[in-house]
Amino acid sequence: MKTTHIFIFLFFISQYSFGQLLPGTLDVTGFPSMSQSINDLVDEAGEDDASYGFESVFDASQISFILDPYTNPITGFTTSSNQNCTANIYRYSVYMHTQNPPQNTVVQAKTTFNSGVRFPAAIPYDDLIIRPLGPRDLTPENGGAYITIPNQGNVAIKVFEFIGCREQIPIQFKINPSALAISGNSNFNVIYTVVGSLN
Amino acid sequence: MKTRLTYIALVLLVSTSLCQAQETLNANDPNTFIFGGDQKSTSLSVDILPVAIVDVEPDPGSFGSGGGAAADMEAGLPVTGGTAGSLDNLWLNFTHRALNYQPARIYVSTNQPVPAGMTIKVQIISVGAGGDYPKNPNYNQITLSQADQVIVYDFANGYTGDGLNNGYQLSYTIDNPGGASLPAGFEVLYRIQ
């Protein structure tokens, strides 16, 4: 009887967990709009405006990364995102770069330690004595200080990493326009790239 | 022994610089994220204000008599008790970001008429090395009056750097054979537009 129970337990576990990375979906919400105010401007003649800068709200954009539902091609059994995120814990690194920001303008971004929400909120992994990848936390690079986002996709910079699925991770931006920048309104793209790893 | 220490120092230096390097990724290559990752973009809108500020360094308050402080100036008397040569060590600093690509100029004028019999001339005598800006000074001597006169011709965005030895060095020449005094509140005005 015991053996049967163990077998059933192992069978179900094997349905949910995979030895390889499962596909997931990155969601980005929020279209940050940032306006420089008179208080953000350089106030000493001769200095460059880039040493001042202005910030967005702390959650100008929010990002989430959730594993996709999966249908086993052999059994036809479908597991939900919730089940996949419960049974498959990976490490995710988030890299950022920009496309066509205003010239002579430095774009920076940051998030804070453990920002966002675990998905699902609580799972058995959290109670394990030994957690292979550590707790399901978020760790920003650069100690949580602003990181300059490059304008080249081939050198997208790591801004933070997290363990397990996570949602509503707030991203704050800072713009440092040089006096050499062109005044006025401009739009540009911020690209987020999430890379998963097993360790 | 010395060589060994040098090698150790070099190895430590190289590893330190490697440790400090921020991790990057070629996000243009889909193979980096297609398995177990994803990529999305969002639009960010930025509105940057124009800025135009100008001042003369050092600040007038830092002078002794005979310096740039208007209240301390007594034309016709020898310069005493002040910073020697301070009238020859004034620097015009500015920061400028144009509105609609419009080039700016710097004008000089006085806020009151210069007393009869007295002439005050100002001239740019050199250009500082700091900052990042297009240099287009008017090197001619300008006789000051209440009318705006161009002391720096059309220039685009830039900043001179702050303080002495940055921007444009100014030299004043005061000719006052009659020993007239400047009226109270007399000022030389610089305007960037």
# chains A, B, ... in the order shown; residues from 1 in each chain; ligands from 1

call {"tool": "interface_residues", "arguments": {"of": "chain B", "to": "chain A", "cutoff": "7 Å", "atoms": "only C-alpha atoms", "output": "ChimeraX atom specification"}}
result
/B:23-28,32-33,35-50,53-55,93-99,157-162

call {"tool": "residues_around", "arguments": {"residues": "Pro103 (chain B)", "least_positions_apart": "3", "cutoff": "7 Å", "atoms": "only C-alpha atoms", "output": "MDAnalysis selection string"}}
result
chainID B and resid 98 154:156

call {"tool": "closest_residue", "arguments": {"among": "A:Asn151, A:Leu138, A:Lys174, A:Asn88", "to": "Ser115 (chain A)", "atoms": "only C-alpha atoms"}}
result
A:Leu138

call {"tool": "decode", "arguments": {"residues": "region 25-53 of chain A", "atoms": "N, CA and C atoms", "output": "compact mmCIF listing (two decimals), in the first residue's frame"}}
result
# COMPACT_ATOMS: atom_id res chain seq x y z
N THR A 25 6.30 33.46 -20.07
CA THR A 25 5.92 34.70 -20.76
C THR A 25 6.25 35.90 -19.88
N LEU A 26 6.92 36.85 -20.51
CA LEU A 26 7.24 38.10 -19.84
C LEU A 26 6.15 39.11 -20.17
N ASP A 27 5.60 39.71 -19.15
CA ASP A 27 4.60 40.77 -19.36
C ASP A 27 5.14 42.08 -18.83
N VAL A 28 4.96 43.13 -19.62
CA VAL A 28 5.39 44.47 -19.17
C VAL A 28 4.17 45.37 -19.23
N THR A 29 3.86 46.00 -18.13
CA THR A 29 2.73 46.93 -18.11
C THR A 29 3.23 48.32 -17.76
N GLY A 30 2.48 49.31 -18.19
CA GLY A 30 2.84 50.70 -17.88
C GLY A 30 3.67 51.32 -18.97
N PHE A 31 3.29 52.51 -19.38
CA PHE A 31 4.04 53.26 -20.39
C PHE A 31 4.53 54.54 -19.73
N PRO A 32 5.74 54.49 -19.18
CA PRO A 32 6.22 55.65 -18.40
C PRO A 32 6.27 56.92 -19.23
N SER A 33 5.80 57.98 -18.63
CA SER A 33 5.88 59.30 -19.25
C SER A 33 6.56 60.23 -18.25
N MET A 34 7.70 60.75 -18.62
CA MET A 34 8.49 61.52 -17.66
C MET A 34 8.72 62.93 -18.18
N SER A 35 8.43 63.90 -17.34
CA SER A 35 8.61 65.30 -17.72
C SER A 35 9.57 65.99 -16.76
N GLN A 36 10.51 66.68 -17.33
CA GLN A 36 11.45 67.44 -16.50
C GLN A 36 10.74 68.68 -15.97
N SER A 37 10.90 68.94 -14.68
CA SER A 37 10.30 70.16 -14.12
C SER A 37 11.41 71.18 -13.89
N ILE A 38 11.00 72.40 -13.60
CA ILE A 38 11.97 73.48 -13.40
C ILE A 38 12.90 73.15 -12.23
N ASN A 39 12.38 72.40 -11.26
CA ASN A 39 13.21 72.04 -10.10
C ASN A 39 14.26 70.99 -10.43
N ASP A 40 14.08 70.33 -11.58
CA ASP A 40 15.05 69.29 -11.98
C ASP A 40 16.19 69.86 -12.79
N LEU A 41 16.11 71.14 -13.13
CA LEU A 41 17.09 71.73 -14.03
C LEU A 41 18.36 72.16 -13.30
N VAL A 42 19.44 72.20 -14.03
CA VAL A 42 20.70 72.73 -13.52
C VAL A 42 20.46 74.18 -13.08
N ASP A 43 21.03 74.58 -11.92
CA ASP A 43 20.80 75.95 -11.45
C ASP A 43 22.10 76.73 -11.31
N GLU A 44 23.20 76.17 -11.77
CA GLU A 44 24.47 76.89 -11.73
C GLU A 44 25.01 76.97 -13.15
N ALA A 45 25.13 78.21 -13.64
CA ALA A 45 25.60 78.40 -15.01
C ALA A 45 26.96 77.74 -15.20
N GLY A 46 27.12 77.05 -16.30
CA GLY A 46 28.38 76.39 -16.61
C GLY A 46 28.35 74.90 -16.35
N GLU A 47 27.48 74.46 -15.42
CA GLU A 47 27.40 73.03 -15.13
C GLU A 47 26.54 72.33 -16.17
N ASP A 48 26.81 71.04 -16.33
CA ASP A 48 26.00 70.27 -17.26
C ASP A 48 24.73 69.81 -16.55
N ASP A 49 23.64 69.78 -17.27
CA ASP A 49 22.36 69.37 -16.70
C ASP A 49 22.36 67.88 -16.35
N ALA A 50 23.28 67.12 -16.96
CA ALA A 50 23.29 65.66 -16.77
C ALA A 50 23.56 65.28 -15.33
N SER A 51 24.16 66.19 -14.55
CA SER A 51 24.47 65.83 -13.17
C SER A 51 23.23 65.97 -12.27
N TYR A 52 22.12 66.40 -12.83
CA TYR A 52 20.89 66.54 -12.04
C TYR A 52 19.95 65.38 -12.33
N GLY A 53 19.19 65.46 -13.39
CA GLY A 53 18.34 64.33 -13.75
C GLY A 53 16.98 64.36 -13.08
